[in-house]
>>> print(open('coords.txt').read())   # compact mmCIF, C-alpha atoms
# COMPACT_ATOMS: atom_id res chain seq x y z
CA MET A 1379 -17.68 8.53 -0.84
CA SER A 1380 -15.84 5.69 0.83
CA THR A 1381 -15.84 1.98 0.22
CA GLY A 1382 -14.13 -0.77 2.15
CA GLN A 1383 -13.83 -4.51 2.56
CA THR A 1384 -11.83 -6.83 4.76
CA SER A 1385 -11.28 -10.34 3.47
CA GLY A 1386 -9.42 -13.17 5.21
CA ARG A 1387 -6.15 -11.97 6.66
CA ALA A 1388 -5.79 -9.03 4.30
CA GLY A 1389 -7.88 -5.89 4.30
CA ALA A 1390 -8.28 -2.98 1.88
CA LEU A 1391 -9.97 0.34 2.40
CA VAL A 1392 -10.11 3.47 0.25
CA ARG A 1393 -11.56 6.93 0.72
CA VAL A 1394 -11.81 9.67 -1.86
CA LEU A 1395 -12.12 13.11 -0.31
CA ALA A 1396 -13.91 16.05 -1.95
CA VAL A 1397 -14.89 13.97 -5.00
CA ALA A 1398 -18.45 13.15 -5.98
CA ALA A 1399 -17.99 9.47 -6.81
CA PHE A 1400 -15.41 6.70 -6.90
CA ALA A 1401 -15.37 3.22 -8.44
CA CYS A 1402 -13.29 1.07 -6.08
CA SER A 1403 -12.72 -1.70 -8.61
CA LEU A 1404 -10.70 0.23 -11.17
CA ALA A 1405 -9.87 -1.66 -14.33
CA LEU A 1406 -8.09 0.04 -17.22
CA PRO A 1407 -7.17 -1.19 -20.73
CA ALA A 1408 -3.39 -1.33 -20.76
CA GLY A 1409 -3.03 0.86 -23.82
CA THR A 1410 -4.78 3.86 -22.27
CA ALA A 1411 -3.35 3.93 -18.78
CA ALA A 1412 -0.47 6.34 -19.37
CA ALA A 1413 -2.63 9.05 -20.89
CA ALA A 1414 -5.26 8.66 -18.21
CA THR A 1415 -2.78 9.09 -15.36
CA SER A 1416 -0.88 12.08 -16.68
CA GLY A 1417 -3.15 14.56 -14.89
CA THR A 1418 -1.84 13.72 -11.41
CA GLY A 1419 1.59 15.17 -12.12
CA ALA A 1420 3.30 12.23 -10.40
CA THR A 1421 7.01 11.97 -11.14
CA PRO A 1422 9.52 9.32 -10.09
CA VAL A 1423 11.13 10.13 -6.76
CA PRO A 1424 13.97 7.94 -5.44
CA ALA A 1425 12.95 5.87 -2.43
CA PRO A 1426 15.00 6.32 0.74
CA GLU A 1427 17.74 3.88 1.60
CA ALA A 1428 16.77 1.22 4.13
CA ALA A 1429 19.05 2.66 6.81
CA ALA A 1430 17.57 6.14 6.40
CA LEU A 1431 14.02 4.80 6.45
CA ALA A 1432 14.74 2.79 9.58
CA GLU A 1433 16.20 5.84 11.32
CA ALA A 1434 13.33 8.11 10.29
CA THR A 1435 10.49 5.78 11.26
CA GLY A 1436 11.79 3.45 13.96
CA MET A 1437 11.58 0.32 11.82
CA SER A 1438 14.42 -2.14 12.08
CA ARG A 1439 16.77 -2.37 9.10
CA ALA A 1440 15.13 -5.66 8.07
CA GLU A 1441 11.62 -4.20 8.35
CA ALA A 1442 12.67 -1.17 6.30
CA GLU A 1443 14.13 -3.41 3.59
CA ILE A 1444 10.83 -5.30 3.37
CA ALA A 1445 8.86 -2.03 3.20
CA LEU A 1446 11.01 -0.73 0.36
CA ASP A 1447 10.83 -4.07 -1.44
CA LEU A 1448 7.02 -3.93 -1.30
CA ALA A 1449 7.06 -0.33 -2.58
CA ALA A 1450 9.32 -1.27 -5.48
CA ARG A 1451 6.96 -4.10 -6.40
CA ILE A 1452 4.03 -1.67 -6.41
CA ASN A 1453 5.78 0.58 -8.92
CA ARG A 1454 6.76 -2.35 -11.11
CA GLU A 1455 3.11 -3.38 -11.29
CA ARG A 1456 2.08 0.18 -12.14
CA ALA A 1457 4.81 0.58 -14.76
CA ALA A 1458 3.71 -2.62 -16.49
CA LEU A 1459 0.32 -1.00 -17.10
CA GLY A 1460 1.61 2.45 -17.92
CA ILE A 1461 0.37 3.90 -14.62
CA ALA A 1462 2.40 6.70 -13.04
CA PRO A 1463 4.61 5.61 -10.12
CA VAL A 1464 3.89 6.42 -6.51
CA ARG A 1465 6.57 8.15 -4.46
CA PHE A 1466 7.58 6.68 -1.11
CA ASP A 1467 6.60 9.11 1.65
CA VAL A 1468 8.52 8.49 4.87
CA ARG A 1469 6.00 10.52 6.89
CA ILE A 1470 3.13 8.30 5.76
CA ALA A 1471 5.30 5.23 6.40
CA ALA A 1472 5.69 6.31 10.03
CA THR A 1473 1.89 6.32 10.47
CA SER A 1474 1.68 2.91 8.79
CA LEU A 1475 4.28 1.52 11.17
CA LEU A 1476 2.37 2.74 14.21
CA TRP A 1477 -0.71 0.89 13.01
CA SER A 1478 1.23 -2.28 12.15
CA ARG A 1479 2.79 -2.31 15.61
CA GLY A 1480 -0.56 -1.72 17.28
CA MET A 1481 -2.48 -4.52 15.57
CA PRO A 1482 -0.98 -7.43 17.56
CA SER A 1483 -2.58 -6.07 20.74
CA GLY A 1484 -5.39 -3.94 19.28
CA GLY A 1485 -6.72 -6.44 16.78
CA TYR A 1486 -6.36 -7.09 13.07
CA ARG A 1487 -8.44 -4.29 11.61
CA HIS A 1488 -8.31 -1.06 9.65
CA ASP A 1489 -7.64 2.24 11.36
CA PRO A 1490 -10.93 4.16 11.02
CA ALA A 1491 -8.98 7.43 11.34
CA TYR A 1492 -6.18 6.66 8.90
CA PRO A 1493 -6.95 9.59 6.53
CA GLU A 1494 -6.56 11.98 9.45
CA ALA A 1495 -3.32 10.27 10.51
CA ILE A 1496 -1.95 10.79 6.99
CA ARG A 1497 -3.14 14.38 6.87
CA ARG A 1498 -1.44 15.20 10.17
CA ALA A 1499 1.77 13.53 9.04
CA VAL A 1500 2.02 15.39 5.72
CA ARG A 1501 0.52 18.60 7.15
CA ALA A 1502 -1.66 19.09 4.10
CA PRO A 1503 -5.25 18.34 3.04
CA LEU A 1504 -5.84 15.20 0.98
CA ARG A 1505 -7.75 14.31 -2.16
CA VAL A 1506 -7.49 10.54 -1.76
CA ALA A 1507 -6.55 8.13 1.00
CA ALA A 1508 -6.41 4.33 0.87
CA GLU A 1509 -5.15 1.55 3.12
CA ASN A 1510 -4.14 -2.10 2.72
CA ILE A 1511 -3.33 -4.31 5.69
CA HIS A 1512 -1.98 -7.86 5.85
CA HIS A 1513 -0.98 -10.33 8.52
CA PRO A 1514 0.30 -13.62 7.09
CA THR A 1515 0.46 -16.31 9.77
CA ALA A 1516 1.59 -19.92 9.64
CA GLY A 1517 -1.91 -21.05 10.58
CA ASN A 1518 -3.71 -19.57 7.59
CA GLU A 1519 -1.19 -19.02 4.81
CA LEU A 1520 1.39 -21.78 4.83
CA ALA A 1521 2.38 -20.95 1.26
CA CYS A 1522 3.80 -17.66 2.52
CA PHE A 1523 6.26 -19.40 4.80
CA GLY A 1524 7.99 -22.29 3.11
CA ALA A 1525 10.78 -24.23 4.78
CA ALA A 1526 12.07 -21.24 6.76
CA ASP A 1527 8.74 -20.97 8.65
CA ARG A 1528 8.86 -17.18 8.35
CA PRO A 1529 6.63 -15.08 6.07
CA GLN A 1530 8.11 -13.78 2.83
CA ALA A 1531 7.70 -10.21 1.56
CA ALA A 1532 6.99 -11.52 -1.93
CA CYS A 1533 4.05 -13.54 -0.64
CA VAL A 1534 2.47 -10.47 0.94
CA HIS A 1535 2.63 -8.65 -2.38
CA GLY A 1536 1.26 -11.66 -4.23
CA ASP A 1537 -1.67 -11.88 -1.81
CA PHE A 1538 -2.43 -8.20 -2.29
CA MET A 1539 -2.36 -8.55 -6.07
CA ARG A 1540 -4.71 -11.53 -6.02
CA SER A 1541 -7.29 -9.59 -4.01
CA PRO A 1542 -9.40 -7.23 -6.19
CA ARG A 1543 -9.68 -4.56 -3.47
CA HIS A 1544 -5.98 -4.52 -2.59
CA ARG A 1545 -4.99 -4.67 -6.24
CA ALA A 1546 -7.26 -1.69 -6.94
CA ASN A 1547 -5.43 0.38 -4.34
CA ILE A 1548 -2.00 -0.67 -5.60
CA LEU A 1549 -2.86 0.12 -9.22
CA SER A 1550 -5.10 3.12 -8.64
CA PRO A 1551 -4.20 6.06 -10.90
CA LEU A 1552 -5.80 8.24 -8.21
CA VAL A 1553 -2.88 7.91 -5.76
CA THR A 1554 0.54 9.55 -5.94
CA ARG A 1555 2.18 8.51 -2.65
CA VAL A 1556 2.65 5.42 -0.55
CA GLY A 1557 4.03 4.82 2.92
CA ILE A 1558 4.53 1.26 4.15
CA GLY A 1559 5.08 0.14 7.72
CA VAL A 1560 6.28 -3.40 8.48
CA SER A 1561 6.36 -4.89 11.96
CA CYS A 1562 8.00 -8.27 12.50
CA GLY A 1563 6.93 -10.48 15.39
CA GLU A 1564 9.25 -12.24 17.79
CA GLY A 1565 11.50 -14.70 16.03
CA GLY A 1566 10.20 -13.59 12.66
CA ALA A 1567 7.18 -15.86 12.96
CA THR A 1568 4.69 -13.14 12.05
CA MET A 1569 4.64 -10.02 9.89
CA TRP A 1570 2.21 -7.12 10.12
CA VAL A 1571 2.03 -4.87 7.05
CA THR A 1572 0.18 -1.59 6.54
CA GLN A 1573 0.25 0.18 3.18
CA ARG A 1574 -1.20 3.68 3.08
CA PHE A 1575 -1.75 5.54 -0.18
CA ALA A 1576 -2.59 9.20 -0.66
CA THR A 1577 -2.85 12.12 -3.02
CA LEU A 1578 -2.50 15.59 -1.56
CA ARG A 1579 -5.07 18.19 -2.55
CA ARG A 1580 -2.41 20.31 -4.23
CA GLU A 1581 -1.32 17.37 -6.40
CA ALA A 1582 -4.58 17.08 -8.35
CA THR A 1583 -7.77 19.01 -8.93
CA SER A 1584 -11.13 17.50 -8.07
CA GLY A 1585 -11.86 17.36 -11.81
CA GLU A 1586 -8.71 15.36 -12.50
CA ILE A 1587 -9.53 12.92 -9.71
CA ALA A 1588 -13.10 12.52 -10.95
CA ALA A 1589 -11.82 11.76 -14.45
CA LEU A 1590 -9.31 9.22 -13.16
CA ALA A 1591 -11.99 7.54 -11.05
CA ALA A 1592 -13.75 6.56 -14.27
CA VAL A 1593 -10.64 4.83 -15.64
CA GLN A 1594 -10.60 1.03 -15.60
CA VAL A 1595 -7.56 -1.08 -14.72
CA PRO A 1596 -7.26 -4.65 -16.09
CA ASP A 1597 -8.19 -7.40 -13.66
CA ALA A 1598 -5.80 -10.16 -12.68
CA SER A 1599 -7.08 -12.54 -15.34
CA SER A 1600 -6.00 -10.23 -18.16
CA ALA A 1601 -2.98 -8.64 -16.47
CA PRO A 1602 -1.41 -11.02 -13.94
CA PRO A 1603 1.12 -9.69 -11.40
CA VAL A 1604 4.61 -9.04 -12.76
CA ALA A 1605 6.42 -8.44 -9.44
CA ALA A 1606 5.53 -11.35 -7.18
CA GLU A 1607 8.73 -13.35 -7.59
CA PRO A 1608 10.53 -14.44 -4.38
CA SER A 1609 13.27 -12.13 -3.12
CA GLY A 1610 14.35 -13.96 0.01
CA LEU A 1611 13.32 -11.05 2.23
CA ARG A 1612 11.76 -12.28 5.47
CA CYS A 1613 11.41 -11.11 9.03
CA PRO A 1614 14.61 -12.05 10.87
CA ALA A 1615 14.56 -15.05 13.18
>>> encode(input="coords.txt", output="structure tokens")
Amino acid sequence: MSTGQTSGRAGALVRVLAVAAFACSLALPAGTAAAATSGTGATPVPAPEAAALAEATGMSRAEAEIALDLAARINRERAALGIAPVRFDVRIAATSLLWSRGMPSGGYRHDPAYPEAIRRAVRAPLRVAAENIHHPTAGNELACFGAADRPQAACVHGDFMRSPRHRANILSPLVTRVGIGVSCGEGGATMWVTQRFATLRREATSGEIAALAAVQVPDASSAPPVAAEPSGLRCPA
């Protein structure tokens, strides 16, 4: 079953593969999250250095730093609720970058074939695939820009965490991997962000995924974001 929604300048989409049902708005009591997520077998994996990520994907050094900053924020949010971390997958990040770079000319929208793009990149069947996209612009989200007139990475994360659909993807105990592609516009005036999440079929059984799909994650009113503080990271002018 798949569910999806695009709202404003940020969009979220999730697909669960080979599972009978999925509740997109996951909300979990903080005290039970760790036990509920243990079935995925996710373990902390060091993220690549920015230079290595840039070389592997074609992102600039600045874009790679923003991508890794966003990934670190995701894991801080998950850790605060006892949810297992996601590992940064460079192969998935490369697919995310291609989509981020294509949106300026192709339109601000989800890739309808993103699960297949992930599957080809990792060369393995998937249990779960999800996607967040964002495009902060000076015309619609002035708070993201500030005096420098360039979007901030922290603002992108904050926007995601204030949106129930994006937050659900970020905090989903169903996913074990993330790959983020950031594309900065000319002069740093725009930023295109694609976050793709996945769980490989070998990383969880269909029974484990079905059990995790029933878990509830606290909404923003009871568990506000913990990793939305400014970092100074912006697209370069």
>>> residues_around(input="coords.txt", residues="Val1604 of chain A", least_positions_apart="5", cutoff="12 Å", atoms="all atoms listed in the file", output="JSON, numbers by chain")
{"A": [1450, 1451, 1452, 1453, 1454, 1455, 1456, 1457, 1458, 1459, 1532, 1535, 1536, 1539, 1540, 1598]}
>>> write_last_selection(input="coords.txt", atoms="C-alpha atoms", output="PDB file, keeping the file's coordinate frame")
ATOM      1  CA  ALA A1450       9.320  -1.270  -5.480  1.00  0.00           C
ATOM      2  CA  ARG A1451       6.960  -4.100  -6.400  1.00  0.00           C
ATOM      3  CA  ILE A1452       4.030  -1.670  -6.410  1.00  0.00           C
ATOM      4  CA  ASN A1453       5.780   0.580  -8.920  1.00  0.00           C
ATOM      5  CA  ARG A1454       6.760  -2.350 -11.110  1.00  0.00           C
ATOM      6  CA  GLU A1455       3.110  -3.380 -11.290  1.00  0.00           C
ATOM      7  CA  ARG A1456       2.080   0.180 -12.140  1.00  0.00           C
ATOM      8  CA  ALA A1457       4.810   0.580 -14.760  1.00  0.00           C
ATOM      9  CA  ALA A1458       3.710  -2.620 -16.490  1.00  0.00           C
ATOM     10  CA  LEU A1459       0.320  -1.000 -17.100  1.00  0.00           C
ATOM     11  CA  ALA A1532       6.990 -11.520  -1.930  1.00  0.00           C
ATOM     12  CA  HIS A1535       2.630  -8.650  -2.380  1.00  0.00           C
ATOM     13  CA  GLY A1536       1.260 -11.660  -4.230  1.00  0.00           C
ATOM     14  CA  MET A1539      -2.360  -8.550  -6.070  1.00  0.00           C
ATOM     15  CA  ARG A1540      -4.710 -11.530  -6.020  1.00  0.00           C
ATOM     16  CA  ALA A1598      -5.800 -10.160 -12.680  1.00  0.00           C
TER      17      ALA A1598
END
>>> atom_distance(input="coords.txt", atom1="atom CA of Glu1564 of chain A", atom2="atom CA of Ile1511 of chain A")
19.2 Å
>>> atom_distance(input="coords.txt", atom1="atom CA of Gln1573 of chain A", atom2="atom CA of Ala1588 of chain A")
23.0 Å
>>> atom_distance(input="coords.txt", atom1="atom CA of Val1553 of chain A", atom2="atom CA of Pro1482 of chain A")
28.0 Å
>>> residues_around(input="coords.txt", residues="Phe1575 of chain A", least_positions_apart="2", cutoff="7 Å", atoms="all atoms listed in the file", output="PDB file with C-alpha atoms, in the coordinates of the input")
ATOM      1  CA  ALA A1507      -6.550   8.130   1.000  1.00  0.00           C
ATOM      2  CA  ALA A1508      -6.410   4.330   0.870  1.00  0.00           C
ATOM      3  CA  GLU A1509      -5.150   1.550   3.120  1.00  0.00           C
ATOM      4  CA  VAL A1553      -2.880   7.910  -5.760  1.00  0.00           C
ATOM      5  CA  ARG A1555       2.180   8.510  -2.650  1.00  0.00           C
ATOM      6  CA  VAL A1556       2.650   5.420  -0.550  1.00  0.00           C
ATOM      7  CA  GLY A1557       4.030   4.820   2.920  1.00  0.00           C
ATOM      8  CA  GLN A1573       0.250   0.180   3.180  1.00  0.00           C
TER       9      GLN A1573
END
>>> residues_around(input="coords.txt", residues="Val1560 of chain A", least_positions_apart="6", cutoff="6 Å", atoms="all atoms listed in the file", output="ChimeraX atom specification")
/A:1441,1475,1570-1571
>>> closest_residue(input="coords.txt", among="A:Gly1559, A:Pro1596, A:Gly1485, A:Gly1566", to="Ala1432 of chain A", atoms="all atoms listed in the file")
A:Gly1559
>>> closest_residue(input="coords.txt", among="A:Pro1542, A:Gly1563, A:Pro1529, A:Gly1585", to="Ser1483 of chain A", atoms="all atoms listed in the file")
A:Gly1563
>>> closest_residue(input="coords.txt", among="A:Leu1446, A:Ala1499, A:Ala1531, A:Met1437", to="Ser1609 of chain A", atoms="only C-alpha atoms")
A:Ala1531
>>> closest_residue(input="coords.txt", among="A:Arg1505, A:Arg1528, A:Arg1469, A:Ser1474", to="Thr1583 of chain A", atoms="all atoms listed in the file")
A:Arg1505
>>> closest_residue(input="coords.txt", among="A:Ser1561, A:Thr1554, A:Thr1435, A:Asn1510", to="Asp1537 of chain A", atoms="only C-alpha atoms")
A:Asn1510
>>> closest_residue(input="coords.txt", among="A:Ala1449, A:Val1595, A:Ala1589, A:Leu1476", to="Ile1461 of chain A", atoms="only C-alpha atoms")
A:Val1595
>>> decode(input="coords.txt", residues="segment 1498-1510 of chain A", atoms="all heavy atoms", output="PDB file, in the first residue's frame")
ATOM      1  N   ARG A1498      17.619  -0.073  -7.909  1.00  0.00           N
ATOM      2  CA  ARG A1498      18.726  -0.221  -8.865  1.00  0.00           C
ATOM      3  C   ARG A1498      20.040   0.214  -8.238  1.00  0.00           C
ATOM      4  O   ARG A1498      21.087  -0.384  -8.487  1.00  0.00           O
ATOM      5  CB  ARG A1498      18.452   0.596 -10.126  1.00  0.00           C
ATOM      6  CG  ARG A1498      17.330   0.051 -11.006  1.00  0.00           C
ATOM      7  CD  ARG A1498      17.414   0.646 -12.403  1.00  0.00           C
ATOM      8  NE  ARG A1498      17.455   2.103 -12.367  1.00  0.00           N
ATOM      9  CZ  ARG A1498      16.392   2.887 -12.448  1.00  0.00           C
ATOM     10  NH1 ARG A1498      15.174   2.350 -12.547  1.00  0.00           N
ATOM     11  NH2 ARG A1498      16.508   4.204 -12.418  1.00  0.00           N
ATOM     12  N   ALA A1499      19.999   1.271  -7.439  1.00  0.00           N
ATOM     13  CA  ALA A1499      21.230   1.787  -6.845  1.00  0.00           C
ATOM     14  C   ALA A1499      21.831   0.811  -5.839  1.00  0.00           C
ATOM     15  O   ALA A1499      23.049   0.616  -5.800  1.00  0.00           O
ATOM     16  CB  ALA A1499      20.965   3.132  -6.180  1.00  0.00           C
ATOM     17  N   VAL A1500      20.985   0.191  -5.019  1.00  0.00           N
ATOM     18  CA  VAL A1500      21.493  -0.716  -3.977  1.00  0.00           C
ATOM     19  C   VAL A1500      21.588  -2.152  -4.478  1.00  0.00           C
ATOM     20  O   VAL A1500      22.121  -3.022  -3.786  1.00  0.00           O
ATOM     21  CB  VAL A1500      20.622  -0.653  -2.707  1.00  0.00           C
ATOM     22  CG1 VAL A1500      20.607   0.760  -2.140  1.00  0.00           C
ATOM     23  CG2 VAL A1500      19.207  -1.144  -2.974  1.00  0.00           C
ATOM     24  N   ARG A1501      21.016  -2.409  -5.654  1.00  0.00           N
ATOM     25  CA  ARG A1501      21.055  -3.740  -6.271  1.00  0.00           C
ATOM     26  C   ARG A1501      20.478  -4.806  -5.344  1.00  0.00           C
ATOM     27  O   ARG A1501      21.062  -5.880  -5.158  1.00  0.00           O
ATOM     28  CB  ARG A1501      22.491  -4.100  -6.678  1.00  0.00           C
ATOM     29  CG  ARG A1501      23.079  -3.155  -7.707  1.00  0.00           C
ATOM     30  CD  ARG A1501      24.467  -3.576  -8.112  1.00  0.00           C
ATOM     31  NE  ARG A1501      25.022  -2.664  -9.115  1.00  0.00           N
ATOM     32  CZ  ARG A1501      26.218  -2.805  -9.683  1.00  0.00           C
ATOM     33  NH1 ARG A1501      26.990  -3.844  -9.341  1.00  0.00           N
ATOM     34  NH2 ARG A1501      26.638  -1.938 -10.577  1.00  0.00           N
ATOM     35  N   ALA A1502      19.330  -4.471  -4.764  1.00  0.00           N
ATOM     36  CA  ALA A1502      18.669  -5.399  -3.841  1.00  0.00           C
ATOM     37  C   ALA A1502      17.198  -5.030  -3.759  1.00  0.00           C
ATOM     38  O   ALA A1502      16.831  -3.852  -3.883  1.00  0.00           O
ATOM     39  CB  ALA A1502      19.306  -5.334  -2.457  1.00  0.00           C
ATOM     40  N   PRO A1503      16.318  -6.007  -3.539  1.00  0.00           N
ATOM     41  CA  PRO A1503      14.899  -5.709  -3.354  1.00  0.00           C
ATOM     42  C   PRO A1503      14.653  -4.970  -2.044  1.00  0.00           C
ATOM     43  O   PRO A1503      15.423  -5.102  -1.088  1.00  0.00           O
ATOM     44  CB  PRO A1503      14.233  -7.089  -3.365  1.00  0.00           C
ATOM     45  CG  PRO A1503      15.326  -8.041  -2.986  1.00  0.00           C
ATOM     46  CD  PRO A1503      16.593  -7.462  -3.514  1.00  0.00           C
ATOM     47  N   LEU A1504      13.566  -4.199  -2.000  1.00  0.00           N
ATOM     48  CA  LEU A1504      13.266  -3.349  -0.858  1.00  0.00           C
ATOM     49  C   LEU A1504      12.032  -3.836  -0.103  1.00  0.00           C
ATOM     50  O   LEU A1504      11.150  -4.466  -0.671  1.00  0.00           O
ATOM     51  CB  LEU A1504      13.007  -1.908  -1.320  1.00  0.00           C
ATOM     52  CG  LEU A1504      14.059  -1.240  -2.195  1.00  0.00           C
ATOM     53  CD1 LEU A1504      13.570   0.162  -2.583  1.00  0.00           C
ATOM     54  CD2 LEU A1504      15.402  -1.180  -1.516  1.00  0.00           C
ATOM     55  N   ARG A1505      12.000  -3.513   1.192  1.00  0.00           N
ATOM     56  CA  ARG A1505      10.785  -3.661   1.987  1.00  0.00           C
ATOM     57  C   ARG A1505      10.015  -2.346   2.041  1.00  0.00           C
ATOM     58  O   ARG A1505       8.789  -2.319   1.989  1.00  0.00           O
ATOM     59  CB  ARG A1505      11.128  -4.080   3.419  1.00  0.00           C
ATOM     60  CG  ARG A1505      11.658  -5.469   3.584  1.00  0.00           C
ATOM     61  CD  ARG A1505      10.569  -6.502   3.509  1.00  0.00           C
ATOM     62  NE  ARG A1505      11.112  -7.838   3.774  1.00  0.00           N
ATOM     63  CZ  ARG A1505      10.502  -8.954   3.403  1.00  0.00           C
ATOM     64  NH1 ARG A1505       9.358  -8.908   2.767  1.00  0.00           N
ATOM     65  NH2 ARG A1505      11.055 -10.118   3.689  1.00  0.00           N
ATOM     66  N   VAL A1506      10.756  -1.249   2.200  1.00  0.00           N
ATOM     67  CA  VAL A1506      10.145   0.062   2.399  1.00  0.00           C
ATOM     68  C   VAL A1506      10.911   1.096   1.598  1.00  0.00           C
ATOM     69  O   VAL A1506      12.143   1.013   1.480  1.00  0.00           O
ATOM     70  CB  VAL A1506      10.171   0.468   3.898  1.00  0.00           C
ATOM     71  CG1 VAL A1506       9.504   1.827   4.101  1.00  0.00           C
ATOM     72  CG2 VAL A1506       9.493  -0.587   4.755  1.00  0.00           C
ATOM     73  N   ALA A1507      10.192   2.058   1.054  1.00  0.00           N
ATOM     74  CA  ALA A1507      10.820   3.205   0.405  1.00  0.00           C
ATOM     75  C   ALA A1507      10.001   4.443   0.720  1.00  0.00           C
ATOM     76  O   ALA A1507       8.771   4.382   0.756  1.00  0.00           O
ATOM     77  CB  ALA A1507      10.906   2.990  -1.102  1.00  0.00           C
ATOM     78  N   ALA A1508      10.672   5.552   0.992  1.00  0.00           N
ATOM     79  CA  ALA A1508       9.979   6.796   1.310  1.00  0.00           C
ATOM     80  C   ALA A1508      10.788   7.962   0.769  1.00  0.00           C
ATOM     81  O   ALA A1508      12.006   7.858   0.581  1.00  0.00           O
ATOM     82  CB  ALA A1508       9.772   6.944   2.817  1.00  0.00           C
ATOM     83  N   GLU A1509      10.112   9.074   0.532  1.00  0.00           N
ATOM     84  CA  GLU A1509      10.792  10.240  -0.054  1.00  0.00           C
ATOM     85  C   GLU A1509      10.234  11.534   0.529  1.00  0.00           C
ATOM     86  O   GLU A1509       9.021  11.707   0.645  1.00  0.00           O
ATOM     87  CB  GLU A1509      10.601  10.236  -1.575  1.00  0.00           C
ATOM     88  CG  GLU A1509      11.261  11.410  -2.292  1.00  0.00           C
ATOM     89  CD  GLU A1509      11.062  11.353  -3.794  1.00  0.00           C
ATOM     90  OE1 GLU A1509       9.959  11.747  -4.261  1.00  0.00           O
ATOM     91  OE2 GLU A1509      11.991  10.902  -4.512  1.00  0.00           O
ATOM     92  N   ASN A1510      11.128  12.443   0.896  1.00  0.00           N
ATOM     93  CA  ASN A1510      10.799  13.820   1.246  1.00  0.00           C
ATOM     94  C   ASN A1510      11.477  14.742   0.246  1.00  0.00           C
ATOM     95  O   ASN A1510      12.643  14.510  -0.104  1.00  0.00           O
ATOM     96  CB  ASN A1510      11.310  14.195   2.640  1.00  0.00           C
ATOM     97  CG  ASN A1510      10.558  13.519   3.767  1.00  0.00           C
ATOM     98  OD1 ASN A1510       9.457  13.014   3.579  1.00  0.00           O
ATOM     99  ND2 ASN A1510      11.154  13.516   4.953  1.00  0.00           N
TER     100      ASN A1510
END
